[in-house]
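Undergrad: Take this structure, written in structure tokens, and hold onto it; I'll ask about it next.
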Amino acid sequence: MSVNPELNVPVGNSLDQPIGRVVAAPENHLSADGLETARKARRSFMGKALAMGAGVAASSQAAMAATGERAILELPEHTKGLGQGVTASKYGMPSKWEGNLQRRESPGLTRVPQASVSFCPLQGLFGIITPSGLHFERHHQGWWDIDPSQHRLMINGLVKRERVFTMDDLMRLPSVSRIHFIECGANTGPEWGNVALPTVQYTHGMISCSEYTGVMLSTVLEMCGIDKKAAKFVLAEGADGSSMTRTISMERAMDDVMIAWGMNGEMLRPENGYPLRLVVPGVQGVSWVKYLRRIEVGDKPWAAKDEAVHYIDLQPDGQHRQYTSIQECKSVITTPSAGQTLLDKGYYNVTGLAWSGRGPIKRVDVSVDGGRNWRTARLEGPVQNKALTRFNIDWVWDGKPAILQSRAIDSTGYVQPKINQLRAVRGTRSIYHNNAIQSWKVSENGEVSNVQVY
Ligand SMILES: Nc1nc2c(c(=O)[nH]1)N[C@H]1C(S)=C(S)[C@@H](COP(=O)(O)O)O[C@H]1N2
Ligand SMILES: [Mo]
């Protein structure tokens with residue numbers, strides 16, 4: 001089996017994994033006091049089972065021998081010895097066998113790690129939630145671990161009462177928890193220029209999905225008394241050296257934007273904006289201001305550098321699209337994907353992720369012949385608003401070359417476009433906002449690679 005060293009889950013391995021979980025032994029549910037009783041009960045059960053007849057034992061031994069598997073034939077060390085003590089007073093970490101599953105930097109993408117990207121290993125993840133230690137990172141001037149007791153959020157501008165909040169002030173307010181994706185506007189950007197990055201981690205890894213906890217921005221703005229007639233926009237500002245400021249319409253600000261301190265059940269990670277970040281569901285990552293320190297209410301867009309000069313799309317006619325905020329409907333197959341290798345012909349569960357900045361995903365279709373025929377995939381529910389949605393579909397590979405694609409449709413009826421449809425409208429000089437259908441080629445030898453199909 002040949003596997004790219006950066007890939008944690010070669011396709012072969014994921015099929016080798018047990019399909020169901022072994023039912024937990026009863027002692028798993030008992031307190032320490034109950035353990036001895038449970039052990040005795042188990043011993044007597046096993047004794048009875050053994051006594052039930054040598055015939056059963058003999059045939060099961062024959063079956064075991066036939067497997068030729070050491071883990072079956074011999075009792076492994078860990079069935080005999082004493083395991084490790086509880087993992088108290090330190091943060092629990094993933095298994096050492098999973099160490100290859102890491103965020104990765106794209107070599108040569110940026111000059112310094114403080115103004116760079118680390119990509120999320122989508123090929124190794126299950127479900128829709130991104131483990132916080134694998135959340136993609138995008139910093140313009142490096143990250144900070146800010147002392148929350150010193151951190152402040154100021155609300156100023158067209159409000160009746162300008163206010164400064166401490167973290168404690170904010171965390172007393174009515175809170176909500178919601179699952180949303182965040183995608184950098186530059187995700188999949190190199191595909192505009194036909195640059196075939198080698199794995200889904202690099203093509204699509206500037207997306208992650210978490211459960212965020214915080215207070216609605218509308219709650220805080222209402223506390224300050226916004227001037228309903230004049231107030232049309234808000235400006236969000238971060239406390240790092242990047243002078244990250246972004247304009248958000250008042251309509252959106254009062255809708256589903258959150259001031260979040262929580263991510264996946266714990267405080268935000270420093271890389272992702274600890275202790276406070278803006279969550280702007282459906283909108284490109286740059287508006288999700290980290291280390292949030294100020295929100296100004298105003299009557300016109302600010303045209304800050306990160307919206308006037310950066311994060312704009314150069315069109316074929318030489319003009320730029322500005323304030324293109326919403327991440328349009330998009331999807332990608334994460335397994336099998338480029339860099340992985342199919343071990344053999346036969347059954348595969350094709351799986352991937354779909355999302356839309358406009359609402360929930362309605363349907364995902366999958367093609368194995370480069371877009372000639374499509375079948376509808378199974379969505380893993382519950383399907384959530386402006387969140388990643390996991391899809392699966394059965395596929396029996398006949399060993400011949402194949403081209404795998406997925407095409408998502410969102411609740412507005414919008415259908416994810418092909419790359420040539422996007423190029424016809426937007427040209428080839430954009431960096432941002434590429435939501436085209438992704439194609440993975442499966443070669444006869446099972447190797448999967450990144451190709452473009454027009
Ligand atoms: N203060 C601050 N906020 C920021 C940035 C930044 O560099 N500084 N980067 C932005 C960009 S471009 C993106 S894509 C997202 C990335 O968020 P993440 O690092 O949590 O993935 O944060 C946005 N918010
Ligand atoms: Mo970004």
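So you can find residues: chains in the structure tokens are A, B, ... in the order shown, residues in each start at 1, and ligands are numbered from 1 in order.
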Write out as a list in words each polymer residue whose atoms come within 6 Å of region 295-311 of chain A, counting only C-alpha atoms; drop sequence neighbours fewer than 2 positions from it.

TA: Ile155, Asn156, Gly157, Leu158, Ala230, Ala231, Lys232, Phe233, Val234, Leu235, Ala236 and Thr247 of chain A

Undergrad: What would the file look like if the residues just selected were written as an mmCIF file, in the first residue's frame with all heavy atoms?

TA:
```
data_model
loop_
_atom_site.group_PDB
_atom_site.id
_atom_site.type_symbol
_atom_site.label_atom_id
_atom_site.label_comp_id
_atom_site.auth_asym_id
_atom_site.auth_seq_id
_atom_site.Cartn_x
_atom_site.Cartn_y
_atom_site.Cartn_z
ATOM 1 N N ILE A 155 -17.966 49.040 22.651
ATOM 2 C CA ILE A 155 -18.992 49.287 21.634
ATOM 3 C C ILE A 155 -19.127 50.798 21.543
ATOM 4 O O ILE A 155 -19.393 51.460 22.554
ATOM 5 C CB ILE A 155 -20.363 48.679 22.027
ATOM 6 C CG1 ILE A 155 -20.219 47.222 22.492
ATOM 7 C CG2 ILE A 155 -21.367 48.818 20.889
ATOM 8 C CD1 ILE A 155 -20.019 46.184 21.444
ATOM 9 N N ASN A 156 -18.908 51.337 20.352
ATOM 10 C CA ASN A 156 -18.990 52.789 20.219
ATOM 11 C C ASN A 156 -19.625 53.183 18.891
ATOM 12 O O ASN A 156 -20.052 52.330 18.127
ATOM 13 C CB ASN A 156 -17.602 53.425 20.395
ATOM 14 C CG ASN A 156 -16.701 53.142 19.223
ATOM 15 O OD1 ASN A 156 -16.716 52.052 18.659
ATOM 16 N ND2 ASN A 156 -15.909 54.125 18.840
ATOM 17 N N GLY A 157 -19.708 54.472 18.632
ATOM 18 C CA GLY A 157 -20.317 54.972 17.398
ATOM 19 C C GLY A 157 -21.764 55.378 17.615
ATOM 20 O O GLY A 157 -22.093 55.981 18.643
ATOM 21 N N LEU A 158 -22.625 55.002 16.665
ATOM 22 C CA LEU A 158 -24.017 55.441 16.690
ATOM 23 C C LEU A 158 -24.860 54.619 17.673
ATOM 24 O O LEU A 158 -25.771 53.896 17.294
ATOM 25 C CB LEU A 158 -24.627 55.360 15.281
ATOM 26 C CG LEU A 158 -23.912 56.189 14.203
ATOM 27 C CD1 LEU A 158 -24.546 55.976 12.840
ATOM 28 C CD2 LEU A 158 -23.932 57.673 14.576
ATOM 29 N N ALA A 230 -30.158 55.778 11.824
ATOM 30 C CA ALA A 230 -28.866 56.102 11.208
ATOM 31 C C ALA A 230 -27.948 54.887 11.067
ATOM 32 O O ALA A 230 -27.182 54.798 10.111
ATOM 33 C CB ALA A 230 -28.170 57.183 12.036
ATOM 34 N N ALA A 231 -28.045 53.953 12.005
ATOM 35 C CA ALA A 231 -27.096 52.838 12.031
ATOM 36 C C ALA A 231 -27.337 51.864 10.884
ATOM 37 O O ALA A 231 -28.410 51.277 10.771
ATOM 38 C CB ALA A 231 -27.210 52.119 13.365
ATOM 39 N N LYS A 232 -26.352 51.736 10.008
ATOM 40 C CA LYS A 232 -26.506 50.849 8.844
ATOM 41 C C LYS A 232 -25.439 49.746 8.822
ATOM 42 O O LYS A 232 -25.608 48.730 8.172
ATOM 43 C CB LYS A 232 -26.388 51.678 7.538
ATOM 44 C CG LYS A 232 -27.526 52.665 7.324
ATOM 45 C CD LYS A 232 -28.750 51.960 6.728
ATOM 46 C CE LYS A 232 -29.925 52.892 6.524
ATOM 47 N NZ LYS A 232 -30.611 53.243 7.785
ATOM 48 N N PHE A 233 -24.311 49.994 9.476
ATOM 49 C CA PHE A 233 -23.197 49.037 9.433
ATOM 50 C C PHE A 233 -22.504 48.967 10.793
ATOM 51 O O PHE A 233 -22.607 49.905 11.582
ATOM 52 C CB PHE A 233 -22.154 49.475 8.382
ATOM 53 C CG PHE A 233 -22.688 49.495 6.979
ATOM 54 C CD1 PHE A 233 -23.201 50.677 6.452
ATOM 55 C CD2 PHE A 233 -22.688 48.356 6.185
ATOM 56 C CE1 PHE A 233 -23.717 50.712 5.151
ATOM 57 C CE2 PHE A 233 -23.188 48.383 4.897
ATOM 58 C CZ PHE A 233 -23.703 49.565 4.372
ATOM 59 N N VAL A 234 -21.789 47.847 11.019
ATOM 60 C CA VAL A 234 -20.875 47.801 12.154
ATOM 61 C C VAL A 234 -19.478 47.478 11.638
ATOM 62 O O VAL A 234 -19.314 46.854 10.588
ATOM 63 C CB VAL A 234 -21.283 46.761 13.233
ATOM 64 C CG1 VAL A 234 -22.673 47.037 13.770
ATOM 65 C CG2 VAL A 234 -21.179 45.342 12.701
ATOM 66 N N LEU A 235 -18.480 47.917 12.399
ATOM 67 C CA LEU A 235 -17.086 47.604 12.097
ATOM 68 C C LEU A 235 -16.561 46.767 13.261
ATOM 69 O O LEU A 235 -16.710 47.141 14.421
ATOM 70 C CB LEU A 235 -16.263 48.896 11.999
ATOM 71 C CG LEU A 235 -14.787 48.678 11.668
ATOM 72 C CD1 LEU A 235 -14.609 48.445 10.177
ATOM 73 C CD2 LEU A 235 -13.947 49.885 12.103
ATOM 74 N N ALA A 236 -15.954 45.636 12.934
ATOM 75 C CA ALA A 236 -15.369 44.788 13.984
ATOM 76 C C ALA A 236 -13.855 44.919 13.908
ATOM 77 O O ALA A 236 -13.280 44.901 12.820
ATOM 78 C CB ALA A 236 -15.787 43.342 13.768
ATOM 79 N N THR A 247 -16.239 45.496 7.744
ATOM 80 C CA THR A 247 -17.587 46.063 7.799
ATOM 81 C C THR A 247 -18.632 44.950 7.679
ATOM 82 O O THR A 247 -18.475 44.063 6.844
ATOM 83 C CB THR A 247 -17.793 47.043 6.621
ATOM 84 O OG1 THR A 247 -16.814 48.073 6.699
ATOM 85 C CG2 THR A 247 -19.188 47.650 6.644
#
```

Undergrad: What do you get as a compact mmCIF listing (two decimals) with C-alpha atoms, in the first residue's frame if you pick all residues at most 7 Å from ligand 2, counting only C-alpha atoms and all ligand atoms?

TA:
```txt
# COMPACT_ATOMS: atom_id res chain seq x y z
CA ARG A 138 -4.99 31.99 9.28
CA CYS A 184 -11.37 31.40 4.39
CA GLY A 185 -12.36 33.21 1.19
CA ALA A 186 -9.09 31.95 -0.34
CA GLN A 284 -15.88 34.32 4.66
CA GLY A 285 -13.37 33.80 7.47
CA VAL A 286 -11.78 37.23 7.32
```

Undergrad: Find the residues near ligand 1. Use a cut-off of 8 Å, count only C-alpha atoms and all ligand atoms, and write them as a tab-separated table (two decimals) with all heavy atoms, in the first residue's frame.

TA:
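Saved to out.tsv:
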```
chain	number	residue	atom	x	y	z
A	115	ALA	N	2.37	35.14	9.21
A	115	ALA	CA	1.38	35.59	8.22
A	115	ALA	C	1.13	34.43	7.28
A	115	ALA	O	1.48	34.47	6.11
A	115	ALA	CB	1.92	36.80	7.46
A	117	VAL	N	-0.88	30.21	6.80
A	117	VAL	CA	-2.06	29.36	6.92
A	117	VAL	C	-1.61	27.98	7.36
A	117	VAL	O	-0.61	27.48	6.85
A	117	VAL	CB	-2.77	29.20	5.55
A	117	VAL	CG1	-3.98	28.29	5.69
A	117	VAL	CG2	-3.16	30.54	4.97
A	135	HIS	N	-8.20	22.65	13.95
A	135	HIS	CA	-8.89	23.76	13.26
A	135	HIS	C	-7.86	24.52	12.41
A	135	HIS	O	-6.77	24.80	12.87
A	135	HIS	CB	-9.48	24.69	14.33
A	135	HIS	CG	-10.42	25.72	13.79
A	135	HIS	ND1	-10.01	26.76	12.97
A	135	HIS	CD2	-11.76	25.89	13.94
A	135	HIS	CE1	-11.06	27.52	12.66
A	135	HIS	NE2	-12.13	27.00	13.23
A	136	PHE	N	-8.21	24.84	11.17
A	136	PHE	CA	-7.24	25.58	10.34
A	136	PHE	C	-6.91	26.91	11.00
A	136	PHE	O	-7.68	27.39	11.85
A	136	PHE	CB	-7.75	25.76	8.91
A	136	PHE	CG	-8.65	26.97	8.67
A	136	PHE	CD1	-8.12	28.16	8.18
A	136	PHE	CD2	-10.01	26.91	8.91
A	136	PHE	CE1	-8.92	29.27	7.95
A	136	PHE	CE2	-10.83	28.00	8.68
A	136	PHE	CZ	-10.28	29.19	8.21
A	137	GLU	N	-5.76	27.46	10.66
A	137	GLU	CA	-5.35	28.77	11.19
A	137	GLU	C	-5.03	29.70	10.04
A	137	GLU	O	-4.40	29.29	9.06
A	137	GLU	CB	-4.06	28.66	11.99
A	137	GLU	CG	-4.08	27.86	13.25
A	137	GLU	CD	-2.64	27.58	13.66
A	137	GLU	OE1	-2.05	28.38	14.39
A	137	GLU	OE2	-2.09	26.57	13.19
A	138	ARG	N	-5.41	30.95	10.21
A	138	ARG	CA	-4.99	31.99	9.28
A	138	ARG	C	-4.69	33.23	10.11
A	138	ARG	O	-5.60	33.82	10.70
A	138	ARG	CB	-6.10	32.29	8.25
A	138	ARG	CG	-5.85	33.50	7.39
A	138	ARG	CD	-4.71	33.26	6.40
A	138	ARG	NE	-4.54	34.39	5.49
A	138	ARG	CZ	-3.47	35.22	5.53
A	138	ARG	NH1	-2.53	35.06	6.43
A	138	ARG	NH2	-3.37	36.19	4.65
A	139	HIS	N	-3.42	33.55	10.20
A	139	HIS	CA	-3.01	34.74	10.94
A	139	HIS	C	-2.36	35.71	9.97
A	139	HIS	O	-1.61	35.30	9.10
A	139	HIS	CB	-1.97	34.41	12.02
A	139	HIS	CG	-2.30	33.20	12.83
A	139	HIS	ND1	-3.46	33.10	13.56
A	139	HIS	CD2	-1.62	32.05	13.04
A	139	HIS	CE1	-3.48	31.93	14.18
A	139	HIS	NE2	-2.38	31.27	13.88
A	140	HIS	N	-2.64	37.01	10.17
A	140	HIS	CA	-1.96	38.03	9.37
A	140	HIS	C	-0.74	38.58	10.09
A	140	HIS	O	0.17	39.10	9.46
A	140	HIS	CB	-2.93	39.16	9.04
A	140	HIS	CG	-4.01	38.76	8.09
A	140	HIS	ND1	-5.06	37.93	8.43
A	140	HIS	CD2	-4.20	39.04	6.79
A	140	HIS	CE1	-5.84	37.73	7.38
A	140	HIS	NE2	-5.34	38.40	6.37
A	141	GLN	N	-0.73	38.50	11.42
A	141	GLN	CA	0.40	39.03	12.20
A	141	GLN	C	0.64	38.16	13.42
A	141	GLN	O	0.93	38.67	14.50
A	141	GLN	CB	0.10	40.47	12.65
A	141	GLN	CG	0.22	41.52	11.57
A	141	GLN	CD	1.66	41.87	11.24
A	141	GLN	OE1	2.51	41.94	12.11
A	141	GLN	NE2	1.94	42.07	9.97
A	142	GLY	N	0.50	36.88	13.28
A	142	GLY	CA	0.77	35.97	14.40
A	142	GLY	C	-0.37	35.90	15.40
A	142	GLY	O	-1.27	36.74	15.39
A	143	TRP	N	-0.35	34.88	16.27
A	143	TRP	CA	-1.40	34.72	17.27
A	143	TRP	C	-0.89	35.07	18.65
A	143	TRP	O	0.32	35.10	18.89
A	143	TRP	CB	-2.02	33.33	17.23
A	143	TRP	CG	-1.11	32.15	17.49
A	143	TRP	CD1	-0.40	31.46	16.55
A	143	TRP	CD2	-0.83	31.52	18.74
A	143	TRP	NE1	0.30	30.45	17.14
A	143	TRP	CE2	0.06	30.45	18.49
A	143	TRP	CE3	-1.25	31.73	20.06
A	143	TRP	CZ2	0.54	29.60	19.50
A	143	TRP	CZ3	-0.78	30.91	21.06
A	143	TRP	CH2	0.11	29.85	20.77
A	182	ILE	N	-16.53	27.77	9.31
A	182	ILE	CA	-15.79	28.97	8.92
A	182	ILE	C	-14.89	28.57	7.76
A	182	ILE	O	-14.17	27.57	7.84
A	182	ILE	CB	-14.97	29.58	10.08
A	182	ILE	CG1	-14.01	30.66	9.54
A	182	ILE	CG2	-14.23	28.54	10.90
A	182	ILE	CD1	-13.22	31.43	10.60
A	183	GLU	N	-14.97	29.33	6.66
A	183	GLU	CA	-14.14	29.05	5.48
A	183	GLU	C	-13.43	30.33	5.07
A	183	GLU	O	-14.09	31.37	4.89
A	183	GLU	CB	-15.00	28.54	4.31
A	183	GLU	CG	-14.16	28.20	3.08
A	183	GLU	CD	-14.98	27.71	1.87
A	183	GLU	OE1	-16.17	28.05	1.76
A	183	GLU	OE2	-14.38	27.00	1.03
A	184	CYS	N	-12.12	30.26	4.92
A	184	CYS	CA	-11.37	31.40	4.39
A	184	CYS	C	-11.79	31.62	2.95
A	184	CYS	O	-11.94	30.65	2.18
A	184	CYS	CB	-9.87	31.13	4.48
A	184	CYS	SG	-8.90	32.47	3.74
A	185	GLY	N	-11.96	32.89	2.57
A	185	GLY	CA	-12.36	33.21	1.19
A	185	GLY	C	-11.37	32.67	0.17
A	185	GLY	O	-11.71	32.45	-1.00
A	186	ALA	N	-10.13	32.43	0.58
A	186	ALA	CA	-9.09	31.95	-0.34
A	186	ALA	C	-9.05	30.43	-0.45
A	186	ALA	O	-8.24	29.88	-1.19
A	186	ALA	CB	-7.73	32.46	0.11
A	206	MET	N	-8.86	25.02	4.30
A	206	MET	CA	-9.08	26.29	5.02
A	206	MET	C	-10.54	26.39	5.41
A	206	MET	O	-11.18	27.44	5.27
A	206	MET	CB	-8.65	27.47	4.16
A	206	MET	CG	-7.14	27.69	4.18
A	206	MET	SD	-6.68	29.34	3.67
A	206	MET	CE	-6.60	29.13	1.92
A	207	ILE	N	-11.08	25.26	5.86
A	207	ILE	CA	-12.45	25.25	6.39
A	207	ILE	C	-12.45	24.40	7.65
A	207	ILE	O	-11.68	23.43	7.76
A	207	ILE	CB	-13.46	24.69	5.36
A	207	ILE	CG1	-14.89	24.93	5.84
A	207	ILE	CG2	-13.20	23.23	5.05
A	207	ILE	CD1	-15.92	24.80	4.76
A	208	SER	N	-13.26	24.78	8.61
A	208	SER	CA	-13.45	24.01	9.83
A	208	SER	C	-14.86	24.25	10.31
A	208	SER	O	-15.53	25.18	9.83
A	208	SER	CB	-12.42	24.42	10.89
A	208	SER	OG	-11.12	24.04	10.48
A	237	GLU	N	-13.22	45.04	15.08
A	237	GLU	CA	-11.77	45.26	15.12
A	237	GLU	C	-11.11	44.27	16.07
A	237	GLU	O	-11.61	44.01	17.17
A	237	GLU	CB	-11.51	46.69	15.61
A	237	GLU	CG	-10.04	47.07	15.67
A	237	GLU	CD	-9.87	48.46	16.27
A	237	GLU	OE1	-9.89	49.44	15.51
A	237	GLU	OE2	-9.74	48.56	17.51
A	238	GLY	N	-9.96	43.73	15.65
A	238	GLY	CA	-9.23	42.77	16.47
A	238	GLY	C	-8.11	43.43	17.25
A	238	GLY	O	-7.69	44.55	16.94
A	239	ALA	N	-7.60	42.72	18.27
A	239	ALA	CA	-6.60	43.29	19.17
A	239	ALA	C	-5.18	42.82	18.83
A	239	ALA	O	-4.27	42.99	19.64
A	239	ALA	CB	-6.93	42.92	20.62
A	240	ASP	N	-4.98	42.22	17.64
A	240	ASP	CA	-3.62	41.84	17.24
A	240	ASP	C	-3.04	42.92	16.33
A	240	ASP	O	-3.70	43.92	16.07
A	240	ASP	CB	-3.62	40.47	16.54
A	240	ASP	CG	-4.57	40.44	15.35
A	240	ASP	OD1	-5.51	41.26	15.32
A	240	ASP	OD2	-4.38	39.61	14.45
A	241	GLY	N	-1.82	42.71	15.87
A	241	GLY	CA	-1.13	43.74	15.09
A	241	GLY	C	-1.55	43.83	13.64
A	241	GLY	O	-0.97	44.61	12.88
A	242	SER	N	-2.56	43.05	13.24
A	242	SER	CA	-2.92	43.04	11.81
A	242	SER	C	-3.91	44.13	11.44
A	242	SER	O	-4.27	44.26	10.28
A	242	SER	CB	-3.51	41.67	11.45
A	242	SER	OG	-4.76	41.50	12.09
A	243	SER	N	-4.33	44.92	12.42
A	243	SER	CA	-5.37	45.94	12.17
A	243	SER	C	-6.52	45.35	11.39
A	243	SER	O	-6.98	45.91	10.39
A	243	SER	CB	-4.83	47.14	11.39
A	243	SER	OG	-3.62	47.55	11.90
A	244	MET	N	-6.96	44.19	11.83
A	244	MET	CA	-8.02	43.48	11.12
A	244	MET	C	-9.35	44.14	11.41
A	244	MET	O	-9.84	44.09	12.54
A	244	MET	CB	-8.02	42.02	11.57
A	244	MET	CG	-9.07	41.14	10.94
A	244	MET	SD	-9.00	41.08	9.16
A	244	MET	CE	-7.42	40.27	8.91
A	245	THR	N	-9.91	44.83	10.42
A	245	THR	CA	-11.23	45.45	10.59
A	245	THR	C	-12.10	45.09	9.40
A	245	THR	O	-11.63	45.09	8.26
A	245	THR	CB	-11.13	46.98	10.69
A	245	THR	OG1	-10.28	47.46	9.65
A	245	THR	CG2	-10.56	47.41	12.03
A	271	GLU	N	-5.05	30.26	19.08
A	271	GLU	CA	-4.89	30.40	17.62
A	271	GLU	C	-6.17	30.89	16.96
A	271	GLU	O	-6.14	31.44	15.87
A	271	GLU	CB	-4.53	29.06	16.97
A	271	GLU	CG	-3.32	28.35	17.51
A	271	GLU	CD	-3.70	27.34	18.58
A	271	GLU	OE1	-4.14	27.78	19.67
A	271	GLU	OE2	-3.56	26.13	18.34
A	272	ASN	N	-7.30	30.63	17.60
A	272	ASN	CA	-8.59	30.94	16.98
A	272	ASN	C	-9.27	32.13	17.64
A	272	ASN	O	-10.48	32.31	17.50
A	272	ASN	CB	-9.49	29.70	16.99
A	272	ASN	CG	-8.82	28.49	16.37
A	272	ASN	OD1	-8.55	27.49	17.05
A	272	ASN	ND2	-8.50	28.56	15.10
A	273	GLY	N	-8.49	32.94	18.40
A	273	GLY	CA	-9.02	34.22	18.84
A	273	GLY	C	-9.27	34.40	20.32
A	273	GLY	O	-9.90	35.36	20.72
A	277	ARG	N	-14.01	36.10	19.88
A	277	ARG	CA	-13.99	36.29	18.42
A	277	ARG	C	-15.39	36.50	17.90
A	277	ARG	O	-16.36	36.07	18.53
A	277	ARG	CB	-13.33	35.11	17.71
A	277	ARG	CG	-14.30	34.07	17.15
A	277	ARG	CD	-13.62	33.01	16.31
A	277	ARG	NE	-13.00	33.55	15.11
A	277	ARG	CZ	-12.18	32.87	14.32
A	277	ARG	NH1	-11.88	31.61	14.58
A	277	ARG	NH2	-11.66	33.41	13.26
A	284	GLN	N	-17.28	34.75	4.74
A	284	GLN	CA	-15.88	34.32	4.66
A	284	GLN	C	-15.11	34.63	5.95
A	284	GLN	O	-15.39	35.61	6.64
A	284	GLN	CB	-15.20	34.97	3.46
A	284	GLN	CG	-15.15	36.48	3.53
A	284	GLN	CD	-14.38	37.09	2.36
A	284	GLN	OE1	-13.49	36.44	1.80
A	284	GLN	NE2	-14.71	38.30	1.99
A	285	GLY	N	-14.10	33.78	6.20
A	285	GLY	CA	-13.37	33.80	7.47
A	285	GLY	C	-12.85	35.14	7.90
A	285	GLY	O	-12.83	35.45	9.10
A	286	VAL	N	-12.44	35.98	6.95
A	286	VAL	CA	-11.78	37.23	7.32
A	286	VAL	C	-12.68	38.12	8.18
A	286	VAL	O	-12.20	38.92	8.99
A	286	VAL	CB	-11.25	37.97	6.07
A	286	VAL	CG1	-12.37	38.45	5.18
A	286	VAL	CG2	-10.35	39.12	6.46
A	287	SER	N	-14.01	37.96	8.04
A	287	SER	CA	-14.92	38.78	8.86
A	287	SER	C	-15.07	38.25	10.28
A	287	SER	O	-15.63	38.93	11.14
A	287	SER	CB	-16.30	38.84	8.20
A	287	SER	OG	-16.23	39.59	7.01
A	288	TRP	N	-14.59	37.04	10.53
A	288	TRP	CA	-14.68	36.44	11.86
A	288	TRP	C	-13.52	36.96	12.70
A	288	TRP	O	-12.60	36.22	13.05
A	288	TRP	CB	-14.61	34.93	11.77
A	288	TRP	CG	-15.73	34.23	11.06
A	288	TRP	CD1	-16.26	34.54	9.84
A	288	TRP	CD2	-16.43	33.08	11.51
A	288	TRP	NE1	-17.24	33.65	9.50
A	288	TRP	CE2	-17.37	32.73	10.52
A	288	TRP	CE3	-16.35	32.28	12.66
A	288	TRP	CZ2	-18.22	31.64	10.64
A	288	TRP	CZ3	-17.20	31.20	12.78
A	288	TRP	CH2	-18.13	30.90	11.78
A	289	VAL	N	-13.58	38.22	13.04
A	289	VAL	CA	-12.45	38.89	13.68
A	289	VAL	C	-12.08	38.23	15.01
A	289	VAL	O	-12.94	38.03	15.87
A	289	VAL	CB	-12.75	40.39	13.86
A	289	VAL	CG1	-11.66	41.08	14.66
A	289	VAL	CG2	-12.91	41.05	12.49
A	290	LYS	N	-10.80	37.88	15.13
A	290	LYS	CA	-10.28	37.23	16.34
A	290	LYS	C	-9.80	38.30	17.32
A	290	LYS	O	-9.54	39.43	16.93
A	290	LYS	CB	-9.13	36.30	15.98
A	290	LYS	CG	-9.54	35.20	15.00
A	290	LYS	CD	-8.47	34.13	14.84
A	290	LYS	CE	-7.41	34.49	13.83
A	290	LYS	NZ	-6.55	33.32	13.48
A	291	TYR	N	-9.64	37.92	18.59
A	291	TYR	CA	-9.18	38.86	19.63
A	291	TYR	C	-10.02	40.13	19.57
A	291	TYR	O	-9.52	41.25	19.66
A	291	TYR	CB	-7.68	39.18	19.44
A	291	TYR	CG	-6.88	37.98	19.01
A	291	TYR	CD1	-6.38	37.87	17.70
A	291	TYR	CD2	-6.64	36.94	19.90
A	291	TYR	CE1	-5.66	36.75	17.30
A	291	TYR	CE2	-5.93	35.82	19.50
A	291	TYR	CZ	-5.45	35.73	18.20
A	291	TYR	OH	-4.76	34.61	17.80
A	292	LEU	N	-11.34	39.93	19.40
A	292	LEU	CA	-12.28	41.05	19.17
A	292	LEU	C	-12.20	42.06	20.31
A	292	LEU	O	-12.36	41.72	21.48
A	292	LEU	CB	-13.70	40.48	19.06
A	292	LEU	CG	-14.81	41.47	18.76
A	292	LEU	CD1	-14.69	42.02	17.35
A	292	LEU	CD2	-16.18	40.82	18.98
```

Undergrad: Nearest to Pro131 (chain A) among A:Lys362, A:Arg269, A:Lys96, A:Arg104, with distances taken over only C-alpha atoms: which residue is it?

TA: A:Arg269

Undergrad: Gly370 (chain A): which residues within 8 Å, counting only C-alpha atoms, same-chain residues fewer than 6 positions away excluded, as a PyMOL selection string?

TA: chain A and resi 402-405+439+453

Undergrad: Write a file of the selected residues as a PDB file, in the first residue's frame, keeping N, CA and C atoms.

TA:
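File out26.pdb, as written:
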```pdb
ATOM      1  N   ALA A 402     -11.606   6.118 -12.938  1.00  0.00           N
ATOM      2  CA  ALA A 402     -12.878   6.769 -12.594  1.00  0.00           C
ATOM      3  C   ALA A 402     -12.593   8.206 -12.197  1.00  0.00           C
ATOM      4  N   ILE A 403     -13.581   9.062 -12.359  1.00  0.00           N
ATOM      5  CA  ILE A 403     -13.445  10.449 -11.882  1.00  0.00           C
ATOM      6  C   ILE A 403     -14.589  10.743 -10.919  1.00  0.00           C
ATOM      7  N   LEU A 404     -14.211  10.992  -9.668  1.00  0.00           N
ATOM      8  CA  LEU A 404     -15.199  11.216  -8.602  1.00  0.00           C
ATOM      9  C   LEU A 404     -15.465  12.716  -8.436  1.00  0.00           C
ATOM     10  N   GLN A 405     -16.732  13.061  -8.335  1.00  0.00           N
ATOM     11  CA  GLN A 405     -17.129  14.460  -8.107  1.00  0.00           C
ATOM     12  C   GLN A 405     -18.314  14.491  -7.161  1.00  0.00           C
ATOM     13  N   SER A 439     -12.800  17.564  -8.761  1.00  0.00           N
ATOM     14  CA  SER A 439     -12.690  16.236  -9.386  1.00  0.00           C
ATOM     15  C   SER A 439     -11.467  15.502  -8.866  1.00  0.00           C
ATOM     16  N   VAL A 453     -11.870  18.892 -14.526  1.00  0.00           N
ATOM     17  CA  VAL A 453     -12.744  18.401 -15.595  1.00  0.00           C
ATOM     18  C   VAL A 453     -13.628  19.561 -16.022  1.00  0.00           C
TER      19      VAL A 453
END
```

Undergrad: Can you tell me which residues surround Asp256 (chain A) at a distance of at most 8 Å, considering only C-alpha atoms, apart from same-chain residues fewer than 5 positions away, and format the answer as a list in words?

TA: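 Near Asp256 (chain A), the qualifying residues are Met216, Leu217, Val280 and Pro281 of chain A.
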
Undergrad: Have a look at CA of Leu342 (chain A) and CA of Val442 (chain A) and let me know their distance in Å, one decimal.

TA: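 These two atoms are separated by 8.1 Å.
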